[in-house]
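Participant: File follows, upload18.tsv with TSV, C-alpha atoms and all ligand atoms:
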chain	number	residue	atom	x	y	z
M	876	MET	CA	63.28	49.57	114.98
M	877	ALA	CA	61.39	47.76	112.24
M	878	LYS	CA	58.55	49.82	110.89
M	879	ARG	CA	55.17	48.65	112.16
M	880	ASP	CA	51.83	49.09	110.49
M	881	TYR	CA	50.27	52.39	111.64
M	882	TYR	CA	47.00	50.76	112.67
M	883	GLU	CA	48.92	48.25	114.74
M	884	VAL	CA	50.96	51.05	116.33
M	885	LEU	CA	47.79	52.83	117.46
M	886	GLY	CA	46.01	49.59	118.30
M	887	VAL	CA	42.97	50.33	116.18
M	888	PRO	CA	41.25	48.31	113.44
M	889	LYS	CA	41.55	49.36	109.80
M	890	THR	CA	37.91	50.42	109.91
M	891	ALA	CA	38.40	52.76	112.88
M	892	GLY	CA	36.71	56.15	112.72
M	893	ALA	CA	38.43	59.48	113.38
M	894	ASP	CA	37.24	59.62	117.03
M	895	GLU	CA	38.51	56.16	117.79
M	896	ILE	CA	41.90	56.96	116.29
M	897	LYS	CA	42.17	60.17	118.24
M	898	SER	CA	41.20	58.71	121.59
M	899	SER	CA	43.57	55.79	121.10
M	900	TYR	CA	46.39	58.17	120.27
M	901	ARG	CA	45.67	60.27	123.35
M	902	ARG	CA	45.56	57.18	125.54
M	903	LEU	CA	48.94	56.01	124.21
M	904	ALA	CA	50.41	59.51	124.43
M	905	ARG	CA	49.47	59.58	128.12
M	906	GLN	CA	51.18	56.22	128.54
M	907	TYR	CA	54.40	57.22	126.80
M	908	HIS	CA	54.31	60.77	128.02
M	909	PRO	CA	57.91	61.19	129.16
M	910	ASP	CA	56.75	62.37	132.61
M	911	VAL	CA	55.00	59.09	133.24
M	912	ALA	CA	57.51	56.75	131.62
M	913	LYS	CA	60.38	57.82	133.86
M	914	GLU	CA	62.10	54.44	133.89
M	915	ASP	CA	62.92	54.43	130.22
M	916	PRO	CA	62.64	57.96	128.89
M	917	LYS	CA	64.62	57.20	125.73
M	918	GLY	CA	62.37	54.27	124.89
M	919	ALA	CA	59.29	56.32	125.73
M	920	GLU	CA	60.42	59.12	123.48
M	921	ALA	CA	60.91	56.69	120.58
M	922	LYS	CA	57.50	55.17	121.27
M	923	PHE	CA	55.95	58.60	121.49
M	924	LYS	CA	57.44	59.48	118.14
M	925	GLU	CA	56.23	56.22	116.60
M	926	ILE	CA	52.62	56.76	117.68
M	927	SER	CA	52.77	60.40	116.61
M	928	GLU	CA	53.95	59.42	113.13
M	929	ALA	CA	51.10	56.91	112.88
M	930	TYR	CA	48.64	59.50	114.12
M	931	GLU	CA	49.92	62.15	111.70
M	932	VAL	CA	49.01	59.80	108.84
M	933	LEU	CA	45.79	58.22	110.10
M	934	ALA	CA	44.30	61.49	111.37
M	935	ASP	CA	44.53	62.99	107.91
M	936	GLU	CA	41.93	61.69	105.47
M	937	GLN	CA	44.07	62.08	102.38
M	938	LYS	CA	47.25	60.68	103.93
M	939	ARG	CA	45.30	57.78	105.41
M	940	ARG	CA	43.77	56.90	102.04
M	941	ASN	CA	47.17	56.99	100.35
M	942	TYR	CA	48.65	54.83	103.08
M	943	ASP	CA	45.79	52.32	102.80
M	944	GLN	CA	46.46	52.01	99.09
M	945	ARG	CA	50.22	52.07	98.88
M	946	GLY	CA	51.61	51.60	102.39
M	947	PHE	CA	54.73	53.37	103.63
M	948	ASP	CA	55.77	54.36	100.10
M	949	ALA	CA	52.79	56.70	99.96
M	950	VAL	CA	53.79	58.70	103.02
M	951	GLN	CA	57.51	58.92	102.33
M	952	ASN	CA	57.01	61.99	100.17
M	953	ASP	CA	55.13	63.78	102.92
M	954	PHE	CA	57.91	63.26	105.43
M	955	GLY	CA	60.91	63.91	103.23
M	956	PRO	CA	63.89	61.68	102.66
M	957	GLY	CA	64.84	61.33	106.33
M	958	GLY	CA	61.40	60.00	107.33
M	959	PHE	CA	59.10	61.41	109.97
M	960	THR	CA	60.44	64.17	112.22
M	961	TRP	CA	58.66	66.41	114.69
M	962	GLN	CA	58.70	69.07	112.00
M	963	ASN	CA	56.14	66.95	110.16
M	964	PHE	CA	53.79	66.71	113.11
M	965	THR	CA	50.77	68.96	112.69
M	966	HIS	CA	48.44	67.70	115.41
M	967	GLN	CA	50.18	69.05	118.50
M	968	GLY	CA	46.90	70.84	119.27
M	969	ASP	CA	45.32	67.46	120.00
M	970	LEU	CA	47.74	66.97	122.87
M	971	GLU	CA	48.30	70.46	124.15
M	972	ASP	CA	46.16	70.01	127.24
M	973	LEU	CA	47.98	66.77	128.10
M	974	LEU	CA	51.52	67.75	127.48
M	975	GLY	CA	51.64	71.51	127.27
M	976	SER	CA	53.57	71.89	130.50
M	977	ASN	CA	56.07	69.15	129.80
M	978	PRO	CA	59.58	70.42	129.12
M	979	LEU	CA	60.44	67.49	126.89
M	980	PHE	CA	57.33	68.18	124.86
M	981	GLN	CA	58.53	71.73	124.53
M	982	GLN	CA	61.86	70.49	123.35
M	983	LEU	CA	60.36	68.05	120.86
M	984	PHE	CA	57.99	70.57	119.40
M	985	GLY	CA	60.31	73.49	119.99
M	986	SER	CA	60.62	74.37	116.36
M	987	PHE	CA	56.96	75.20	115.98
M	988	VAL	CA	55.89	76.08	119.49
M	989	GLY	CA	58.01	79.17	118.94
M	990	GLY	CA	56.53	79.49	115.50
M	991	SER	CA	59.83	80.10	113.81
M	992	ALA	CA	61.98	77.92	111.65
M	993	GLY	CA	65.30	77.11	113.17
M	994	ARG	CA	64.49	77.84	116.79
M	995	SER	CA	65.58	74.30	117.50
M	996	GLY	CA	69.11	75.49	116.80
M	997	ARG	CA	69.38	74.19	113.28
M	998	GLY	CA	68.05	75.46	110.00
M	999	SER	CA	65.23	73.65	108.31
M	1000	ASP	CA	65.79	71.05	105.62
M	1001	VAL	CA	64.64	72.10	102.19
M	1002	GLU	CA	63.44	69.81	99.41
M	1003	VAL	CA	63.42	70.70	95.75
M	1004	ALA	CA	63.07	68.70	92.57
M	1005	VAL	CA	64.98	69.00	89.33
M	1006	ARG	CA	64.12	67.56	85.93
M	1007	LEU	CA	67.04	66.80	83.64
M	1008	PRO	CA	67.34	65.54	80.07
M	1009	LEU	CA	67.67	61.77	79.96
M	1010	VAL	CA	71.27	61.98	78.77
M	1011	ALA	CA	72.17	63.32	82.25
M	1012	ALA	CA	71.48	59.83	83.60
M	1013	VAL	CA	74.53	58.75	81.57
M	1014	GLU	CA	76.79	61.77	81.62
M	1015	GLY	CA	75.77	63.41	84.91
M	1016	ALA	CA	74.96	67.11	85.05
M	1017	GLN	CA	75.65	70.30	86.96
M	1018	PRO	CA	72.36	72.16	87.01
M	1019	THR	CA	71.87	75.42	88.87
M	1020	LEU	CA	68.83	75.26	91.12
M	1021	GLU	CA	66.65	78.03	92.41
M	1022	VAL	CA	66.12	77.18	96.03
M	1023	PRO	CA	63.59	79.13	98.08
M	1024	LEU	CA	65.07	79.50	101.55
M	1025	THR	CA	63.93	80.92	104.83
M	1026	GLY	CA	66.56	82.31	107.12
M	1027	PRO	CA	66.80	84.75	110.00
M	1028	CYS	CA	66.24	88.38	109.12
M	1029	PRO	CA	69.68	89.99	109.10
M	1030	ASP	CA	68.43	93.33	110.45
M	1031	CYS	CA	66.94	91.99	113.68
M	1032	GLN	CA	68.96	88.75	114.05
M	1033	GLY	CA	65.71	86.83	113.74
M	1034	THR	CA	64.07	88.41	116.79
M	1035	GLY	CA	61.47	90.34	114.79
M	1036	ALA	CA	62.18	93.41	116.95
M	1037	LYS	CA	63.67	96.60	115.55
M	1038	ASP	CA	67.49	96.35	115.56
M	1039	GLY	CA	67.06	93.18	117.62
M	1040	THR	CA	66.79	95.25	120.79
M	1041	ALA	CA	63.22	96.62	120.92
M	1042	ILE	CA	62.10	93.58	122.88
M	1043	GLU	CA	61.28	92.64	126.47
M	1044	VAL	CA	60.21	89.61	128.45
M	1045	CYS	CA	56.49	88.94	127.99
M	1046	PRO	CA	54.71	90.45	131.02
M	1047	GLU	CA	51.83	87.98	130.95
M	1048	CYS	CA	53.80	84.74	131.13
M	1049	GLY	CA	57.11	86.05	132.46
M	1050	GLY	CA	58.98	84.60	129.50
M	1051	VAL	CA	57.81	81.01	129.92
M	1052	GLY	CA	55.55	81.13	126.87
M	1053	GLN	CA	52.84	79.13	128.65
M	1054	VAL	CA	49.91	80.16	130.78
M	1055	ARG	CA	47.70	78.12	133.08
M	1056	ARG	CA	44.01	78.72	133.09
M	1057	ALA	CA	41.88	77.49	135.97
M	1058	ARG	CA	38.17	76.93	135.65
M	1059	THR	CA	35.91	75.73	138.43
M	1060	ARG	CA	32.88	73.59	137.88
M	1061	GLY	CA	31.14	72.50	141.06
M	1062	TYR	CA	33.87	71.20	143.39
M	1063	THR	CA	36.26	70.42	140.59
M	1064	GLN	CA	38.89	72.75	139.33
M	1065	PHE	CA	40.05	72.25	135.76
M	1066	VAL	CA	43.49	73.52	134.91
M	1067	THR	CA	44.56	73.82	131.34
M	1068	VAL	CA	47.96	74.88	130.16
M	1069	GLY	CA	48.36	76.44	126.75
M	1070	PRO	CA	50.55	78.82	124.84
M	1071	CYS	CA	50.51	82.39	126.11
M	1072	PRO	CA	48.05	84.41	124.01
M	1073	THR	CA	50.02	87.63	124.39
M	1074	CYS	CA	53.33	86.36	123.01
M	1075	ARG	CA	51.97	83.25	121.25
M	1076	GLY	CA	54.41	81.08	123.15
M	1077	THR	CA	57.59	82.96	122.35
M	1078	GLY	CA	57.97	84.36	125.87
M	1079	ARG	CA	58.94	87.72	124.43
M	1080	LYS	CA	57.11	90.90	123.68
M	1081	ILE	CA	58.19	92.99	120.74
M	1082	LEU	CA	58.04	96.72	121.52
M	1083	GLU	CA	58.72	97.85	117.98
M	1084	LYS	CA	58.61	95.58	114.96
M	1085	CYS	CA	61.58	95.21	112.67
M	1086	PRO	CA	60.61	97.06	109.48
M	1087	THR	CA	62.52	94.67	107.23
M	1088	CYS	CA	60.67	91.48	108.17
M	1089	ARG	CA	57.59	93.14	109.67
M	1090	GLY	CA	58.19	91.36	112.93
M	1091	ASN	CA	58.22	87.73	111.92
M	1092	GLY	CA	62.00	87.41	112.21
M	1093	ARG	CA	62.40	85.55	108.97
M	1094	ARG	CA	63.42	86.47	105.52
M	1095	ARG	CA	62.65	84.53	102.38
M	1096	THR	CA	65.31	84.43	99.74
M	1097	VAL	CA	65.91	82.52	96.57
M	1098	GLU	CA	69.37	81.15	96.30
M	1099	HIS	CA	71.01	79.86	93.16
M	1100	ILE	CA	72.90	76.73	93.97
M	1101	GLU	CA	74.90	74.70	91.49
M	1102	ILE	CA	74.80	71.02	92.26
M	1103	LYS	CA	76.57	68.02	90.85
M	1104	VAL	CA	74.38	65.15	89.71
M	1105	PRO	CA	76.55	62.04	89.27
M	1106	PRO	CA	75.97	59.63	86.39
M	1107	GLY	CA	73.70	56.65	86.95
M	1108	MET	CA	71.03	58.26	89.12
M	1109	GLU	CA	67.68	56.50	89.15
M	1110	GLU	CA	64.46	58.33	88.42
M	1111	GLY	CA	63.17	59.93	91.62
M	1112	SER	CA	66.26	59.30	93.76
M	1113	VAL	CA	67.36	62.00	96.14
M	1114	LEU	CA	70.68	63.79	96.60
M	1115	ARG	CA	71.49	65.31	99.97
M	1116	ILE	CA	73.54	68.48	99.99
M	1117	PRO	CA	74.52	69.23	103.57
M	1118	GLY	CA	74.41	72.80	104.80
M	1119	HIS	CA	72.45	74.25	101.87
M	1120	GLY	CA	69.03	74.31	103.52
M	1121	GLY	CA	67.58	77.12	105.61
M	1122	GLN	CA	69.76	79.05	108.05
M	1123	GLY	CA	69.20	78.44	111.75
M	1124	LEU	CA	68.11	81.41	113.83
M	1125	ASP	CA	70.42	80.93	116.79
M	1126	SER	CA	73.22	78.94	115.29
M	1127	GLU	CA	75.40	79.01	112.27
M	1128	ARG	CA	74.41	75.49	111.27
M	1129	ALA	CA	72.12	75.45	108.26
M	1130	GLY	CA	69.74	72.65	107.35
M	1131	ASP	CA	70.32	70.34	104.43
M	1132	LEU	CA	69.13	70.60	100.87
M	1133	PHE	CA	67.49	67.51	99.40
M	1134	VAL	CA	67.21	67.36	95.64
M	1135	GLN	CA	64.93	64.85	94.00
M	1136	VAL	CA	66.26	64.03	90.54
M	1137	MET	CA	63.89	63.26	87.71
M	1138	PHE	CA	64.43	62.84	84.01
M	1139	GLU	CA	62.51	64.09	81.01
M	1140	ALA	CA	60.61	61.39	79.20
M	1141	SER	CA	62.23	60.29	75.97
M	1142	ASP	CA	60.19	59.49	72.88
M	1143	HIS	CA	62.61	56.78	71.82
M	1144	ILE	CA	64.31	55.34	74.91
M	1145	ARG	CA	62.69	53.33	77.66
M	1146	ARG	CA	64.69	52.77	80.82
M	1147	GLU	CA	64.68	49.66	82.96
M	1148	GLY	CA	67.45	49.80	85.54
M	1149	THR	CA	70.68	49.87	83.57
M	1150	GLU	CA	69.08	48.59	80.38
M	1151	ALA	CA	67.79	50.90	77.67
M	1152	TYR	CA	65.20	49.83	75.12
M	1153	THR	CA	64.58	51.29	71.71
M	1154	GLU	CA	63.11	50.36	68.35
M	1155	ALA	CA	64.23	50.69	64.77
M	1156	THR	CA	62.27	50.29	61.57
M	1157	VAL	CA	64.22	49.12	58.53
M	1158	PRO	CA	63.24	48.54	54.89
M	1159	LEU	CA	62.80	44.92	53.83
M	1160	ALA	CA	66.06	44.83	51.91
M	1161	ILE	CA	68.19	45.16	55.04
M	1162	PRO	CA	67.05	42.06	56.97
M	1163	LEU	CA	66.71	40.22	53.67
M	1164	LEU	CA	70.18	40.90	52.33
M	1165	GLY	CA	72.02	42.19	55.41
M	1166	GLY	CA	73.05	45.77	56.02
M	1167	VAL	CA	73.54	48.58	58.47
M	1168	THR	CA	70.98	50.89	60.02
M	1169	THR	CA	71.27	53.94	62.25
M	1170	VAL	CA	69.76	53.57	65.71
M	1171	ARG	CA	68.90	56.41	68.09
M	1172	THR	CA	70.73	55.92	71.37
M	1173	ILE	CA	70.55	57.79	74.69
M	1174	GLU	CA	73.31	60.18	73.68
M	1175	GLY	CA	72.78	60.33	69.90
M	1176	HIS	CA	73.11	57.69	67.22
M	1177	ALA	CA	74.92	54.43	66.59
M	1178	GLU	CA	75.23	52.02	63.69
M	1179	LEU	CA	73.65	48.60	64.06
M	1180	LYS	CA	74.71	45.74	61.79
M	1181	ILE	CA	71.81	43.56	60.72
M	1182	PRO	CA	72.79	40.20	59.25
M	1183	ALA	CA	71.00	38.74	56.23
M	1184	GLY	CA	68.08	36.56	57.17
M	1185	THR	CA	67.13	38.56	60.28
M	1186	GLN	CA	63.47	37.97	61.17
M	1187	PRO	CA	61.06	40.81	61.97
M	1188	GLU	CA	60.92	41.83	65.68
M	1189	THR	CA	64.35	40.39	66.38
M	1190	GLN	CA	66.06	42.05	69.37
M	1191	PHE	CA	69.69	43.10	69.16
M	1192	ARG	CA	71.81	43.95	72.16
M	1193	MET	CA	74.24	46.84	71.77
M	1194	ARG	CA	76.75	46.34	74.57
M	1195	GLY	CA	77.50	49.25	76.85
M	1196	LEU	CA	75.02	51.68	75.33
M	1197	GLY	CA	72.54	51.46	78.23
M	1198	PHE	CA	72.58	53.33	81.54
M	1199	PRO	CA	75.50	53.26	83.96
M	1200	ARG	CA	75.37	51.81	87.42
M	1201	PHE	CA	75.25	54.51	90.11
M	1202	ARG	CA	78.84	55.54	90.87
M	1203	GLY	CA	80.01	52.58	88.78
M	1204	SER	CA	81.94	52.50	85.54
M	1205	SER	CA	80.08	49.75	83.70
M	1206	ARG	CA	76.98	50.38	81.64
M	1207	GLY	CA	74.04	48.21	80.71
M	1208	ASP	CA	73.03	47.45	77.13
M	1209	LEU	CA	70.78	49.08	74.59
M	1210	VAL	CA	68.22	46.54	73.37
M	1211	VAL	CA	66.96	47.31	69.89
M	1212	THR	CA	63.81	45.73	68.50
M	1213	VAL	CA	63.91	45.70	64.71
M	1214	HIS	CA	60.67	46.21	62.82
M	1215	VAL	CA	60.58	45.46	59.12
M	1216	GLU	CA	58.81	47.75	56.71
M	1217	LEU	CA	57.53	46.04	53.55
M	1218	PRO	CA	57.51	47.89	50.24
M	1219	ARG	CA	54.08	49.37	49.65
M	1220	SER	CA	54.09	49.22	45.85
M	1221	LEU	CA	56.16	47.30	43.34
M	1222	SER	CA	56.44	47.61	39.61
M	1223	GLY	CA	55.45	44.70	37.41
M	1224	ARG	CA	59.07	43.93	36.71
M	1225	GLU	CA	60.00	43.97	40.38
M	1226	LYS	CA	57.14	41.63	41.15
M	1227	GLU	CA	58.34	39.27	38.45
M	1228	GLN	CA	61.88	39.29	39.77
M	1229	LEU	CA	60.72	38.66	43.29
M	1230	ARG	CA	58.51	35.79	42.24
M	1231	GLU	CA	61.44	34.24	40.57
M	1232	ALA	CA	63.85	34.87	43.43
M	1233	LEU	CA	61.47	33.75	46.18
M	1234	GLY	CA	60.22	30.74	44.27
M	1235	ALA	CA	56.65	31.97	44.01
M	1236	ASP	CA	56.80	32.06	40.21
M	1237	GLY	CA	53.48	32.09	38.40
M	1238	ALA	CA	51.47	31.67	41.60
M	1239	THR	CA	47.95	32.60	40.62
M	1240	SER	CA	45.72	30.28	42.55
M	1241	THR	CA	45.30	29.83	46.28
M	1242	GLY	CA	46.46	26.27	45.81
M	1243	ARG	CA	49.86	27.40	44.65
M	1244	LYS	CA	50.14	29.90	47.49
M	1245	GLU	CA	49.56	27.14	49.97
M	1246	SER	CA	52.33	25.12	48.46
M	1247	PHE	CA	54.60	28.12	48.87
M	1248	PHE	CA	53.87	28.21	52.59
M	1249	HIS	CA	54.19	24.47	52.86
M	1250	ARG	CA	57.60	24.60	51.33
M	1251	ARG	CA	58.72	27.10	53.99
M	1252	SER	CA	57.59	25.07	56.96
M	1301	ZN	ZN	53.76	85.48	127.03
M	1302	ZN	ZN	63.75	91.63	110.96
Taking this structure as input, can you express it in the form of structure tokens?
Facilitator:
Amino acid sequence: MAKRDYYEVLGVPKTAGADEIKSSYRRLARQYHPDVAKEDPKGAEAKFKEISEAYEVLADEQKRRNYDQRGFDAVQNDFGPGGFTWQNFTHQGDLEDLLGSNPLFQQLFGSFVGGSAGRSGRGSDVEVAVRLPLVAAVEGAQPTLEVPLTGPCPDCQGTGAKDGTAIEVCPECGGVGQVRRARTRGYTQFVTVGPCPTCRGTGRKILEKCPTCRGNGRRRTVEHIEIKVPPGMEEGSVLRIPGHGGQGLDSERAGDLFVQVMFEASDHIRREGTEAYTEATVPLAIPLLGGVTTVRTIEGHAELKIPAGTQPETQFRMRGLGFPRFRGSSRGDLVVTVHVELPRSLSGREKEQLREALGADGATSTGRKESFFHRRS
């Protein structure tokens, strides 16, 4: 499905206020509520997800501003590399009264209705960033990352109850995790369905808390994971390392680890795709007479031959000293701009010799200088 503009998805103008956005979202949610859209539940679910993604962005002042300025690029970071998932949705409260009793809703929001990572049967995805020296873009690297992970507490198997057994079915909701509340006003009865206040939607009542995790069923750890960064990675691109995210509570399948790769800024190399750019300053004698100068490259140094008669600011291309293509063998070029440094002081004898050599002998008046320039052009 091609990505549609969020305002278009919610059917509101760009100038819409928060109330208008919310009521439009609720109207659409009622329409694509999987109970109503029985004919095409798959399509409805996709639609429901699309409007929820749009709402997640437009209902948040900061996210909305970023999106207005930079479009989908701006929200990509918020949602992680895989795009919007129900894990990213934070406004379920705005729909609870509409959809609280819907089993599909429960399934969609399962991971946070229960309040625990991994209750959906799979561990959570984890995103970290790593900053490497620029040379790693050429040679690759194998950094060891510190990854903060959340997994089930080993002492209570993630239940939060002592030994995993000091637990019973919630007496208030009978294990459903939801309660209905009826309120009568005049002849009308209002029924709302919301998470059970006693068990906060888990459907279980802990008799004695697990001392290790103090009842929340999760344990935070920091794992050291060595990863392989291949040569040729672009600034900001993301590596996916399957199975190294958080552990699931009820299953052995862990989430994935996503590593955003960035490079330290270099004071002498500028990167543009596979091309590298640098500069070199040489004394006048080299471009005048020809010679060799040492150029700083991505990995170290290289010798650059400068032929006699080279003009200032000339660019030289050093083949194969740029950045490699991702997973490719060929490399771009290093483009060197040569600046020429003129001597700051000359002795009288040197001046004389130069005048003679450059044909500016005895030039004392502006008239003679002009003729020197005329002769060049
Ligand atoms: Zn309960
Ligand atoms: Zn525990």
Participant: If we count all atoms listed in the file, what is near range 1078-1090 of chain M at a cut-off of 7 Å, once residues fewer than 4 positions away on the same chain are taken out, given as a list in words?
Facilitator: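 The filter keeps Cys1028, Asp1030, Cys1031, Gly1035, Ala1036, Lys1037, Asp1038, Ala1041, Ile1042, Glu1043, Val1044, Cys1045, Cys1048, Gly1049, Gly1050, Val1051, Gly1052, Cys1074 and Arg1094 of chain M.
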Participant: Any chance you can output those residues with C-alpha atoms as a CSV table (one decimal), in the coordinates of the input?
Facilitator:
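Printed below is out-v4.csv as written:
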chain,number,residue,atom,x,y,z
M,1028,CYS,CA,66.2,88.4,109.1
M,1030,ASP,CA,68.4,93.3,110.4
M,1031,CYS,CA,66.9,92.0,113.7
M,1035,GLY,CA,61.5,90.3,114.8
M,1036,ALA,CA,62.2,93.4,117.0
M,1037,LYS,CA,63.7,96.6,115.6
M,1038,ASP,CA,67.5,96.4,115.6
M,1041,ALA,CA,63.2,96.6,120.9
M,1042,ILE,CA,62.1,93.6,122.9
M,1043,GLU,CA,61.3,92.6,126.5
M,1044,VAL,CA,60.2,89.6,128.4
M,1045,CYS,CA,56.5,88.9,128.0
M,1048,CYS,CA,53.8,84.7,131.1
M,1049,GLY,CA,57.1,86.0,132.5
M,1050,GLY,CA,59.0,84.6,129.5
M,1051,VAL,CA,57.8,81.0,129.9
M,1052,GLY,CA,55.6,81.1,126.9
M,1074,CYS,CA,53.3,86.4,123.0
M,1094,ARG,CA,63.4,86.5,105.5
Participant: May I ask which of the residues M:Val1054, M:Val1157, M:Val1136, M:Ala1151 is the closest one to ligand ZN 1301 (chain M), counting all atoms listed in the file?
Facilitator: M:Val1054
Participant: Find the spatial neighbours of range 1217-1224 of chain M, counting only C-alpha atoms, within a cut-off of 12 Å - ignore same-chain residues fewer than 5 positions away - and output them as a ChimeraX atom specification.
Facilitator: /M:1156-1163,1187,1229-1231
Participant: Just give me the gap between CA of Ala934 in chain M and CA of Arg901 in chain M in Å, one decimal is fine.
Facilitator: 12.1 Å
Participant: I'd like to know which of M:Phe1191, M:Pro1105, M:Thr1040, M:Ala1177 is closest to ligand ZN 1302 (chain M), using all atoms listed in the file.
Facilitator: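 Smallest distance to ligand ZN 1302 (chain M) is found for M:Thr1040.
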Participant: Using only C-alpha atoms and a cutoff of 8 Å, can you tell me which residues are near (45.8, 54.1, 112.2) in the file's coordinates, and write them out as a ChimeraX atom specification?
Facilitator: /M:881-889,891,896,929-930,932-934,939
Participant: What would the file look like if the residues just selected were written as a compact mmCIF listing (two decimals), in the frame of the given file with C-alpha atoms?
Facilitator:
# COMPACT_ATOMS: atom_id res chain seq x y z
CA TYR M 881 50.27 52.39 111.64
CA TYR M 882 47.00 50.76 112.67
CA GLU M 883 48.92 48.25 114.74
CA VAL M 884 50.96 51.05 116.33
CA LEU M 885 47.79 52.83 117.46
CA GLY M 886 46.01 49.59 118.30
CA VAL M 887 42.97 50.33 116.18
CA PRO M 888 41.25 48.31 113.44
CA LYS M 889 41.55 49.36 109.80
CA ALA M 891 38.40 52.76 112.88
CA ILE M 896 41.90 56.96 116.29
CA ALA M 929 51.10 56.91 112.88
CA TYR M 930 48.64 59.50 114.12
CA VAL M 932 49.01 59.80 108.84
CA LEU M 933 45.79 58.22 110.10
CA ALA M 934 44.30 61.49 111.37
CA ARG M 939 45.30 57.78 105.41
Participant: Could you jot down the CA of Gly1130 in chain M to CA of Glu931 in chain M separation for me, Å, one decimal place?
Facilitator: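 That distance, rounded to one decimal, is 22.8 Å.
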Participant: Kindly list the centre and edge lengths in Å, rounded to one decimal, for the axis-aligned box that covers all listed atoms of range 1185-1190 of chain M plus 4 Å on each of its six sides, as AutoDock Vina command-line options.
Facilitator:
--center_x 64.0 --center_y 40.0 --center_z 64.8 --size_x 14.2 --size_y 12.1 --size_z 17.1
Participant: One decimal, in Å: what's the spacing between CA of Met1108 in chain M and CA of Ala1012 in chain M?
Facilitator: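 About the pair CA of Met1108 in chain M and CA of Ala1012 in chain M: they are 5.8 Å apart.
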Participant: Go through M:Ser999, M:Gln951, M:Thr965, M:Thr1034 and flag the residue nearest ligand ZN 1302 (chain M), using all atoms listed in the file for the distances.
Facilitator: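 For ligand ZN 1302 (chain M), the nearest of the candidates is M:Thr1034.
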Participant: For each of M:Cys1071, M:Leu1020, M:Ala1183, M:Ala921, take the minimum atom-to-atom distance to ligand ZN 1301 (chain M), counting all atoms listed in the file, then give the residue where this is smallest.
Facilitator: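 Looking only at the distances to ligand ZN 1301 (chain M), the closest residue turns out to be M:Cys1071.
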Participant: So, with all atoms listed in the file as the atoms that count, which of M:Asn941, M:Thr960, M:Asn1091, M:Thr1168 lies closest to ligand ZN 1302 (chain M)?
Facilitator: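 Selected residue with least distance to ligand ZN 1302 (chain M): M:Asn1091.
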Participant: From the list M:Thr1077, M:Glu1110, M:Thr1096, M:His1119, which residue is nearest ligand ZN 1301 (chain M) when using only C-alpha atoms and all ligand atoms?
Facilitator: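 Smallest separation from ligand ZN 1301 (chain M) among the options: M:Thr1077.
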Participant: Quick one: everything within 10 Å of Glu1178 in chain M, counting only C-alpha atoms, minus sequence neighbours fewer than 6 positions away in the same chain. Send it as a VMD selection string.
Facilitator: chain M and resid 1167 to 1172 1193
